[in-house]
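Just coords38.txt here, compact mmCIF, C-alpha atoms (C1' of nucleotides):
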```
# COMPACT_ATOMS: atom_id res chain seq x y z
CA MET A 1 -80.50 52.20 29.97
CA SER A 2 -78.67 54.60 32.28
CA THR A 3 -76.68 57.54 30.98
CA PRO A 4 -75.35 57.67 27.46
CA GLU A 5 -71.80 57.51 28.78
CA GLU A 6 -72.38 54.36 30.77
CA GLN A 7 -74.13 52.89 27.82
CA LEU A 8 -71.12 53.64 25.69
CA ARG A 9 -68.61 52.18 28.06
CA ARG A 10 -70.69 49.11 28.63
CA GLN A 11 -70.45 48.38 24.95
CA GLY A 12 -66.72 48.80 24.78
CA TYR A 13 -66.65 52.31 23.36
CA ARG A 14 -64.38 54.82 25.00
CA VAL A 15 -65.71 57.96 26.51
CA THR A 16 -63.48 60.64 25.13
CA GLY A 17 -63.56 64.38 25.24
CA PRO A 18 -64.78 64.92 21.69
CA ARG A 19 -67.34 62.20 22.09
CA ARG A 20 -68.71 63.81 25.19
CA ARG A 21 -68.89 67.16 23.50
CA VAL A 22 -70.77 65.73 20.55
CA LEU A 23 -73.30 64.30 22.96
CA ARG A 24 -73.72 67.57 24.78
CA ALA A 25 -74.07 69.50 21.57
CA LEU A 26 -76.74 67.11 20.35
CA GLY A 27 -78.56 67.59 23.60
CA ARG A 28 -78.47 71.34 23.17
CA LEU A 29 -79.37 71.42 19.51
CA GLY A 30 -82.01 68.76 19.48
CA HIS A 31 -81.39 67.96 15.84
CA ALA A 32 -78.31 68.62 13.77
CA THR A 33 -76.45 67.53 10.69
CA PRO A 34 -72.81 66.48 11.02
CA ASP A 35 -71.79 69.78 9.60
CA GLN A 36 -73.96 71.80 11.95
CA LEU A 37 -72.55 69.85 14.85
CA ALA A 38 -68.98 70.56 13.85
CA SER A 39 -69.74 74.25 13.50
CA ALA A 40 -71.51 74.40 16.82
CA LEU A 41 -68.60 72.64 18.48
CA ALA A 42 -66.13 74.98 16.87
CA ARG A 43 -67.99 77.89 18.35
CA ASP A 44 -68.47 76.57 21.87
CA GLY A 45 -65.18 77.75 23.32
CA SER A 46 -63.05 74.62 23.31
CA ALA A 47 -60.95 73.44 20.42
CA PRO A 48 -62.81 72.58 17.23
CA ILE A 49 -63.41 68.92 16.49
CA ALA A 50 -62.40 67.55 13.13
CA LEU A 51 -65.36 66.95 10.87
CA SER A 52 -64.18 63.43 10.25
CA THR A 53 -64.21 62.82 13.98
CA VAL A 54 -67.76 64.06 14.16
CA TYR A 55 -68.72 61.59 11.47
CA ARG A 56 -66.93 58.73 13.17
CA ASN A 57 -68.47 59.61 16.49
CA LEU A 58 -71.96 59.80 15.13
CA GLU A 59 -71.40 56.39 13.66
CA ALA A 60 -70.13 55.00 16.93
CA LEU A 61 -72.88 56.64 18.96
CA THR A 62 -75.43 55.24 16.56
CA GLU A 63 -74.04 51.74 16.86
CA ALA A 64 -74.11 52.14 20.60
CA GLY A 65 -77.77 53.00 20.38
CA VAL A 66 -77.39 56.43 21.95
CA VAL A 67 -78.09 58.40 18.81
CA THR A 68 -80.24 58.08 15.70
CA HIS A 69 -80.88 60.13 12.65
CA SER A 70 -83.69 60.81 10.26
CA HIS A 71 -83.73 61.93 6.69
CA LEU A 72 -85.96 64.92 6.96
CA ASP A 73 -85.50 65.76 3.36
CA HIS A 74 -82.82 65.99 0.75
CA GLY A 75 -79.49 66.89 2.15
CA PRO A 76 -77.58 65.49 5.06
CA PRO A 77 -79.32 63.41 7.70
CA SER A 78 -80.33 65.01 10.96
CA TYR A 79 -79.00 63.37 14.12
CA HIS A 80 -80.46 63.45 17.59
CA LEU A 81 -80.24 61.67 20.91
CA VAL A 82 -82.40 58.59 21.13
CA ASP A 83 -84.09 59.94 24.21
CA HIS A 84 -84.48 63.43 22.86
CA GLY A 85 -88.13 62.60 23.05
CA ASP A 86 -89.94 60.68 20.40
CA HIS A 87 -91.79 62.49 17.71
CA LEU A 88 -92.75 62.18 14.11
CA HIS A 89 -91.47 64.78 11.69
CA LEU A 90 -94.04 66.24 9.36
CA VAL A 91 -92.03 67.63 6.49
CA CYS A 92 -93.79 69.95 4.11
CA SER A 93 -92.58 69.27 0.61
CA ARG A 94 -93.66 72.68 -0.51
CA CYS A 95 -92.31 75.09 2.09
CA GLY A 96 -89.87 72.80 3.82
CA SER A 97 -91.23 73.41 7.29
CA VAL A 98 -90.94 70.61 9.84
CA THR A 99 -93.65 70.08 12.41
CA GLU A 100 -93.45 67.53 15.17
CA ALA A 101 -96.25 65.13 15.97
CA GLN A 102 -96.77 62.50 18.63
CA PRO A 103 -95.66 58.97 17.82
CA ALA A 104 -99.03 57.79 19.04
CA SER A 105 -100.50 58.97 15.75
CA ALA A 106 -98.62 56.15 14.09
CA GLY A 107 -99.67 53.51 16.56
CA GLU A 108 -102.12 51.85 14.26
CA LEU A 109 -99.68 51.92 11.40
CA ALA A 110 -97.12 50.12 13.51
CA GLY A 111 -99.75 47.59 14.55
CA ASN A 112 -100.79 46.95 10.97
CA LEU A 113 -97.25 46.42 9.78
CA LEU A 114 -96.46 44.08 12.61
CA ARG A 115 -99.58 42.04 11.98
CA GLU A 116 -99.33 41.98 8.19
CA HIS A 117 -95.60 41.77 7.70
CA GLY A 118 -94.02 40.92 11.02
CA PHE A 119 -92.22 44.22 10.59
CA VAL A 120 -91.28 46.03 13.79
CA ALA A 121 -91.54 49.66 12.76
CA ASP A 122 -89.56 52.33 14.49
CA VAL A 123 -92.06 55.14 14.40
CA THR A 124 -90.30 57.19 17.01
CA HIS A 125 -88.44 59.43 14.62
CA MET A 126 -90.14 58.84 11.33
CA ALA A 127 -90.26 61.50 8.66
CA ILE A 128 -93.53 61.93 6.83
CA HIS A 129 -93.73 64.07 3.74
CA GLY A 130 -96.74 66.01 2.65
CA ARG A 131 -98.23 69.48 2.79
CA CYS A 132 -98.45 71.47 5.95
CA ARG A 133 -101.75 73.12 6.82
CA ARG A 134 -100.80 76.38 5.21
CA CYS A 135 -99.47 74.88 1.96
CA ALA A 136 -102.27 72.37 1.72
CA GLY A 137 -104.65 75.29 1.67
CA ALA A 138 -102.72 77.03 -1.07
CA THR A 139 -102.83 74.09 -3.42
CA ALA A 140 -106.05 72.15 -3.70
CA PRO A 141 -105.60 68.53 -2.61
CA GLY A 142 -106.35 67.04 -6.00
CA GLY A 143 -105.77 70.24 -7.89
CA GLU A 144 -103.26 71.25 -10.48
CA ASP A 145 -99.77 71.69 -9.30
CA ARG A 146 -97.58 74.71 -9.76
CA MET B 1 -103.85 62.38 -15.59
CA SER B 2 -103.15 60.87 -19.01
CA THR B 3 -99.70 59.74 -20.05
CA PRO B 4 -96.57 61.15 -18.46
CA GLU B 5 -95.63 62.78 -21.74
CA GLU B 6 -98.89 64.62 -22.10
CA GLN B 7 -98.62 65.64 -18.52
CA LEU B 8 -95.18 67.04 -19.17
CA ARG B 9 -96.17 68.98 -22.26
CA ARG B 10 -99.27 70.35 -20.61
CA GLN B 11 -97.04 71.94 -18.02
CA GLY B 12 -94.71 73.49 -20.48
CA TYR B 13 -91.91 70.94 -20.28
CA ARG B 14 -90.50 69.62 -23.50
CA VAL B 15 -90.59 65.98 -24.33
CA THR B 16 -87.08 65.19 -25.40
CA GLY B 17 -85.28 62.01 -26.24
CA PRO B 18 -83.29 61.77 -23.01
CA ARG B 19 -86.34 62.66 -21.00
CA ARG B 20 -88.33 59.92 -22.64
CA ARG B 21 -85.58 57.42 -22.02
CA VAL B 22 -85.36 58.35 -18.36
CA LEU B 23 -89.07 57.72 -18.06
CA ARG B 24 -88.85 54.38 -19.78
CA ALA B 25 -85.91 53.32 -17.67
CA LEU B 26 -87.76 54.25 -14.50
CA GLY B 27 -90.67 52.18 -15.70
CA ARG B 28 -88.43 49.20 -16.26
CA LEU B 29 -86.44 49.52 -13.08
CA GLY B 30 -89.20 50.43 -10.69
CA HIS B 31 -86.85 52.23 -8.38
CA ALA B 32 -83.45 53.69 -9.11
CA THR B 33 -80.95 56.22 -7.93
CA PRO B 34 -79.73 58.85 -10.39
CA ASP B 35 -76.54 56.94 -10.77
CA GLN B 36 -78.25 53.63 -11.41
CA LEU B 37 -80.41 55.31 -14.02
CA ALA B 38 -77.45 56.75 -15.85
CA SER B 39 -75.76 53.36 -15.88
CA ALA B 40 -78.86 51.60 -17.09
CA LEU B 41 -79.28 54.17 -19.83
CA ALA B 42 -75.67 53.82 -20.85
CA ARG B 43 -76.19 50.12 -21.30
CA ASP B 44 -79.46 50.20 -23.18
CA GLY B 45 -78.05 50.54 -26.66
CA SER B 46 -78.46 54.22 -27.42
CA ALA B 47 -76.00 56.93 -26.51
CA PRO B 48 -75.33 57.41 -22.82
CA ILE B 49 -77.01 60.33 -21.11
CA ALA B 50 -74.93 62.74 -19.11
CA LEU B 51 -75.33 62.25 -15.41
CA SER B 52 -76.08 65.93 -15.01
CA THR B 53 -78.90 65.57 -17.49
CA VAL B 54 -80.32 62.71 -15.49
CA TYR B 55 -80.29 64.89 -12.41
CA ARG B 56 -81.91 67.77 -14.20
CA ASN B 57 -84.52 65.53 -15.71
CA LEU B 58 -85.41 63.92 -12.43
CA GLU B 59 -85.87 67.37 -11.04
CA ALA B 60 -88.07 68.44 -13.92
CA LEU B 61 -90.09 65.23 -13.85
CA THR B 62 -90.57 65.66 -10.15
CA GLU B 63 -91.83 69.20 -10.54
CA ALA B 64 -94.15 68.00 -13.22
CA GLY B 65 -95.55 65.46 -10.80
CA VAL B 66 -94.63 62.46 -12.90
CA VAL B 67 -91.90 61.17 -10.65
CA THR B 68 -91.17 61.07 -6.93
CA HIS B 69 -88.42 59.74 -4.78
CA SER B 70 -87.99 58.30 -1.35
CA HIS B 71 -85.03 58.12 0.94
CA LEU B 72 -84.93 54.44 1.58
CA ASP B 73 -81.83 54.75 3.64
CA HIS B 74 -78.53 56.51 3.68
CA GLY B 75 -77.20 57.22 0.28
CA PRO B 76 -78.84 58.65 -2.78
CA PRO B 77 -82.62 58.90 -3.02
CA SER B 78 -84.52 56.32 -5.00
CA TYR B 79 -86.74 57.63 -7.77
CA HIS B 80 -89.80 56.06 -9.29
CA LEU B 81 -92.82 56.90 -11.41
CA VAL B 82 -95.70 58.33 -9.45
CA ASP B 83 -98.01 55.67 -10.82
CA HIS B 84 -95.54 52.87 -10.34
CA GLY B 85 -98.14 51.78 -7.87
CA ASP B 86 -98.34 53.16 -4.41
CA HIS B 87 -96.66 51.31 -1.63
CA LEU B 88 -94.91 51.90 1.62
CA HIS B 89 -91.29 50.90 1.90
CA LEU B 90 -90.41 48.90 4.95
CA VAL B 91 -86.69 49.34 5.32
CA CYS B 92 -84.90 47.01 7.69
CA SER B 93 -82.23 48.94 9.48
CA ARG B 94 -80.36 45.78 10.26
CA CYS B 95 -80.18 43.84 7.01
CA GLY B 96 -81.15 46.62 4.65
CA SER B 97 -83.94 44.69 2.97
CA VAL B 98 -86.88 46.64 1.58
CA THR B 99 -90.36 45.17 1.70
CA GLU B 100 -93.39 46.83 0.16
CA ALA B 101 -96.64 47.29 2.02
CA GLN B 102 -100.01 48.69 1.05
CA PRO B 103 -100.60 52.36 1.64
CA ALA B 104 -103.88 51.43 3.29
CA SER B 105 -101.88 50.43 6.34
CA ALA B 106 -101.13 54.10 6.86
CA GLY B 107 -104.69 55.28 6.38
CA GLU B 108 -105.28 55.97 10.02
CA LEU B 109 -101.98 57.73 10.39
CA ALA B 110 -102.90 60.06 7.54
CA GLY B 111 -106.28 60.66 9.12
CA ASN B 112 -104.76 61.45 12.49
CA LEU B 113 -102.27 63.90 11.07
CA LEU B 114 -104.90 65.65 9.04
CA ARG B 115 -107.19 65.96 12.03
CA GLU B 116 -104.54 66.94 14.55
CA HIS B 117 -102.25 69.08 12.43
CA GLY B 118 -104.06 69.86 9.20
CA PHE B 119 -101.14 68.06 7.59
CA VAL B 120 -101.89 66.32 4.30
CA ALA B 121 -99.54 63.36 4.43
CA ASP B 122 -98.32 61.70 1.30
CA VAL B 123 -98.23 58.13 2.46
CA THR B 124 -98.02 56.66 -1.01
CA HIS B 125 -94.28 56.23 -1.06
CA MET B 126 -93.28 56.62 2.52
CA ALA B 127 -90.22 54.91 3.92
CA ILE B 128 -90.56 53.32 7.32
CA HIS B 129 -87.54 52.08 9.18
CA GLY B 130 -87.48 49.19 11.56
CA ARG B 131 -86.67 45.51 11.70
CA CYS B 132 -87.95 43.05 9.17
CA ARG B 133 -89.54 39.84 10.41
CA ARG B 134 -86.31 37.93 10.21
CA CYS B 135 -84.13 40.50 11.94
CA ALA B 136 -86.74 41.30 14.56
CA GLY B 137 -86.58 37.68 15.54
CA ALA B 138 -82.81 37.66 15.76
CA THR B 139 -82.63 40.59 18.13
CA ALA B 140 -85.12 40.72 20.93
CA PRO B 141 -87.23 43.89 20.79
CA GLY B 142 -85.77 45.32 23.96
CA GLY B 143 -82.67 43.18 23.88
CA GLU B 144 -79.02 43.95 23.75
CA ASP B 145 -77.63 45.25 20.56
CA ARG B 146 -74.56 44.17 18.70
C1' DT C 1 -86.77 81.22 -34.51
C1' DT C 2 -86.05 81.00 -29.77
C1' DG C 3 -86.10 79.45 -25.39
C1' DA C 4 -85.50 75.09 -23.12
C1' DA C 5 -82.54 70.96 -22.89
C1' DT C 6 -78.06 68.57 -23.48
C1' DG C 7 -73.22 67.36 -22.91
C1' DC C 8 -68.95 68.19 -20.91
C1' DA C 9 -65.92 69.98 -17.81
C1' DA C 10 -65.21 72.24 -13.58
C1' DA C 11 -66.91 73.44 -8.95
C1' DA C 12 -69.29 72.36 -4.62
C1' DA C 13 -70.92 69.36 -1.14
C1' DA C 14 -70.92 65.49 1.63
C1' DT C 15 -68.41 61.34 3.23
C1' DT C 16 -64.77 58.28 3.78
C1' DT C 17 -60.04 56.72 4.42
C1' DG C 18 -54.90 56.43 5.54
C1' DC C 19 -51.67 57.24 8.81
C1' DA C 20 -48.86 59.22 12.51
C1' DT C 21 -49.83 60.81 17.09
C1' DA C 22 -52.41 61.30 21.32
C1' DT C 23 -55.54 59.04 24.80
C1' DT C 24 -58.37 55.88 27.35
C1' DG C 25 -58.99 51.93 30.06
C1' DC D 1 -49.00 49.00 27.64
C1' DA D 2 -52.33 47.95 23.96
C1' DA D 3 -56.06 49.23 21.60
C1' DT D 4 -59.01 52.87 20.33
C1' DA D 5 -59.78 57.62 18.98
C1' DT D 6 -58.21 61.97 16.98
C1' DG D 7 -56.58 65.31 13.62
C1' DC D 8 -55.24 66.41 9.19
C1' DA D 9 -54.79 65.80 4.50
C1' DA D 10 -56.07 63.41 0.59
C1' DA D 11 -59.33 60.57 -1.92
C1' DT D 12 -64.25 59.40 -2.94
C1' DT D 13 -68.79 60.06 -3.88
C1' DT D 14 -72.79 62.74 -4.84
C1' DT D 15 -74.86 66.84 -6.73
C1' DT D 16 -74.73 71.34 -8.82
C1' DT D 17 -73.35 74.86 -12.15
C1' DG D 18 -71.47 77.43 -16.29
C1' DC D 19 -71.48 77.63 -21.02
C1' DA D 20 -71.52 76.68 -25.92
C1' DT D 21 -74.33 73.81 -28.83
C1' DT D 22 -78.48 71.29 -30.20
C1' DC D 23 -83.26 70.56 -30.49
C1' DA D 24 -88.44 70.73 -29.64
C1' DA D 25 -92.37 73.46 -30.31
```
If you took the structure in this file and wrote it as structure tokens, what would it be?
Amino acid sequence: MSTPEEQLRRQGYRVTGPRRRVLRALGRLGHATPDQLASALARDGSAPIALSTVYRNLEALTEAGVVTHSHLDHGPPSYHLVDHGDHLHLVCSRCGSVTEAQPASAGELAGNLLREHGFVADVTHMAIHGRCRRCAGATAPGGEDR
Amino acid sequence: MSTPEEQLRRQGYRVTGPRRRVLRALGRLGHATPDQLASALARDGSAPIALSTVYRNLEALTEAGVVTHSHLDHGPPSYHLVDHGDHLHLVCSRCGSVTEAQPASAGELAGNLLREHGFVADVTHMAIHGRCRRCAGATAPGGEDR
DNA sequence: TTGAATGCAAAAAATTTGCATATTG
DNA sequence: CAATATGCAAATTTTTTGCATTCAA
């Protein structure tokens, strides 16, 4: 495993300035869309990094296994470091809030899928849609909508 | 419950020609992106439906609870009828294949989330990323990538 | 009749690509 | 030095919006 930079180099990717900054920014932000990253980087003192470079870097970092993303909802995907700490994303489809939950909650699911389909689920950053506690209360579970 | 059209009308939406055709097309296709829908509709004999109308209809149908979508992967979301039959989508992040699994597999997950977070998960059309049986075999679970 | 829905064109977003130049290993 | 990465501009792709017209209720 080792550090992200070693991991990059080991796989033939170059460790460049912009690449390093993208990594640091991801570390700081936790989660961010390509656009948010570019903005954050533009505001962090050094020279701004071209948006296209951010995209290409996220792609490279993903291939290198240092970064992943999840689709929390509509809109651009949210990227984060692989070791940012695993957690499920509970996305409320009513109010849009995102709560984090422990991956352990999905342990049985992963087991079932492996057993029944031979599918190795990555439940470490999964997005699950539904209603958060507050919104679930507002609208009855089986009730009318809207 | 009743038919989608009744459900629409009951909620104040109008049942129009294009809207009906979008519903039928979704029924036929199972899953489709807005773009795929528009293409399918353009090829089904009658007049093509403006892409913007497809978007607006999918939005309306979603609000009415007749249609949902899932983000199977990058790219546009995939829409389908709510009663197309519930199933989880197992998306292989290596080969891109999509397998369907029974929602029951996620029963415990839903239970856990409800208990621990009061979160009412909608596991009926959830997308789960990972490696399908074939690709999991090709790359060792903890093995090198690439 | 009258407000909601449609089509079409134009505007925004979100991504990707080409290419000359700068950098890493 | 050779290959990869960057920046910038332009091209794509995806989604949204404005508006006059048509249509369902």
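As for atom CA of B:Tyr55 and atom CA of B:Leu37, they are spaced 9.7 Å apart.
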Would you pick out the contacts of stretch 2-19 of chain C at 7 Å or less, using only C-alpha atoms (C1' of nucleotides), so that residues sharing its chain but fewer than 6 positions from it are not included, and give the list as a compact mmCIF listing (two decimals) with C-alpha atoms (C1' of nucleotides), keeping the file's coordinate frame?
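For reference, around.txt as written:
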```
# COMPACT_ATOMS: atom_id res chain seq x y z
CA ALA B 50 -74.93 62.74 -19.11
CA THR B 53 -78.90 65.57 -17.49
C1' DT D 12 -64.25 59.40 -2.94
C1' DT D 16 -74.73 71.34 -8.82
```
Using only C-alpha atoms, find which residues of chain A lie within 6 Å of chain B and jot them down as a JSON list (two decimals) with C-alpha atoms, keeping the file's coordinate frame.
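The resulting part14.json:
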```
[["chain", "number", "residue", "atom", "x", "y", "z"],
["A", 105, "SER", "CA", -100.50, 58.97, 15.75],
["A", 106, "ALA", "CA", -98.62, 56.15, 14.09],
["A", 109, "LEU", "CA", -99.68, 51.92, 11.40],
["A", 112, "ASN", "CA", -100.79, 46.95, 10.97],
["A", 118, "GLY", "CA", -94.02, 40.92, 11.02],
["A", 119, "PHE", "CA", -92.22, 44.22, 10.59],
["A", 120, "VAL", "CA", -91.28, 46.03, 13.79],
["A", 121, "ALA", "CA", -91.54, 49.66, 12.76],
["A", 122, "ASP", "CA", -89.56, 52.33, 14.49],
["A", 129, "HIS", "CA", -93.73, 64.07, 3.74],
["A", 130, "GLY", "CA", -96.74, 66.01, 2.65],
["A", 131, "ARG", "CA", -98.23, 69.48, 2.79],
["A", 132, "CYS", "CA", -98.45, 71.47, 5.95],
["A", 133, "ARG", "CA", -101.75, 73.12, 6.82]]
```
Do me a favour and pick out the residues of chain A within 10 Å of chain C, using all atoms listed in the file, as a short mmCIF file (atom, residue, chain, number, x, y, z; two decimals) with C-alpha atoms, keeping the file's coordinate frame.
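As a result, part.cif now contains:
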```cif
data_model
loop_
_atom_site.label_atom_id
_atom_site.label_comp_id
_atom_site.auth_asym_id
_atom_site.auth_seq_id
_atom_site.Cartn_x
_atom_site.Cartn_y
_atom_site.Cartn_z
CA ARG A 9 -68.61 52.18 28.06
CA GLY A 12 -66.72 48.80 24.78
CA TYR A 13 -66.65 52.31 23.36
CA ARG A 14 -64.38 54.82 25.00
CA VAL A 15 -65.71 57.96 26.51
CA THR A 16 -63.48 60.64 25.13
CA GLY A 17 -63.56 64.38 25.24
CA PRO A 34 -72.81 66.48 11.02
CA ASP A 35 -71.79 69.78 9.60
CA LEU A 51 -65.36 66.95 10.87
CA SER A 52 -64.18 63.43 10.25
CA TYR A 55 -68.72 61.59 11.47
CA ARG A 56 -66.93 58.73 13.17
CA GLY A 75 -79.49 66.89 2.15
CA PRO A 76 -77.58 65.49 5.06
#
```
Closest atom pairs, chain D residues within 9 Å of chain A, all atoms listed in the file, as JSON lines:
```
{"residue": "D:DT4", "atom": "C1'", "partner": "A:Arg14", "partner_atom": "CA", "distance": 7.4}
{"residue": "D:DA5", "atom": "C1'", "partner": "A:Thr16", "partner_atom": "CA", "distance": 7.8}
{"residue": "D:DT6", "atom": "C1'", "partner": "A:Thr53", "partner_atom": "CA", "distance": 6.8}
{"residue": "D:DG7", "atom": "C1'", "partner": "A:Ala50", "partner_atom": "CA", "distance": 6.3}
{"residue": "D:DC8", "atom": "C1'", "partner": "A:Ala50", "partner_atom": "CA", "distance": 8.3}
```
Exercise for the section: Name the residues in contact with A:Asp44 at a cut-off of 12 Å, using all atoms listed in the file, excluding same-chain residues fewer than 4 positions from it; report them as a list in words. Expected result: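 The residues that qualify are Arg21, Val22, Arg24, Ala25, Arg28, Leu37, Ala38, Ser39, Ala40, Pro48 and Ile49 of chain A.
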Could those residues be written to a file, using C-alpha atoms, as a PDB file, in the coordinates of the input?
```pdb
ATOM      1  CA  ARG A  21     -68.890  67.160  23.500  1.00  0.00           C
ATOM      2  CA  VAL A  22     -70.770  65.730  20.550  1.00  0.00           C
ATOM      3  CA  ARG A  24     -73.720  67.570  24.780  1.00  0.00           C
ATOM      4  CA  ALA A  25     -74.070  69.500  21.570  1.00  0.00           C
ATOM      5  CA  ARG A  28     -78.470  71.340  23.170  1.00  0.00           C
ATOM      6  CA  LEU A  37     -72.550  69.850  14.850  1.00  0.00           C
ATOM      7  CA  ALA A  38     -68.980  70.560  13.850  1.00  0.00           C
ATOM      8  CA  SER A  39     -69.740  74.250  13.500  1.00  0.00           C
ATOM      9  CA  ALA A  40     -71.510  74.400  16.820  1.00  0.00           C
ATOM     10  CA  PRO A  48     -62.810  72.580  17.230  1.00  0.00           C
ATOM     11  CA  ILE A  49     -63.410  68.920  16.490  1.00  0.00           C
TER      12      ILE A  49
END
```
Problem - Atomic distance atom CA of B:Leu61 - atom CA of B:Leu29, expressed in Å with one decimal - result: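 Atom-to-atom, atom CA of B:Leu61 to atom CA of B:Leu29, that is 16.1 Å.
The coordinates place atom CA of B:His84 at 8.9 Å from atom CA of B:His31.
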Handout entry: Nearest residue to A:Thr68 from the set A:Arg10, A:Gly45, A:Val54, A:Ala32 (distances using all atoms listed in the file)
Key =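 Answer, going by the shortest atom-to-atom distance: A:Ala32.
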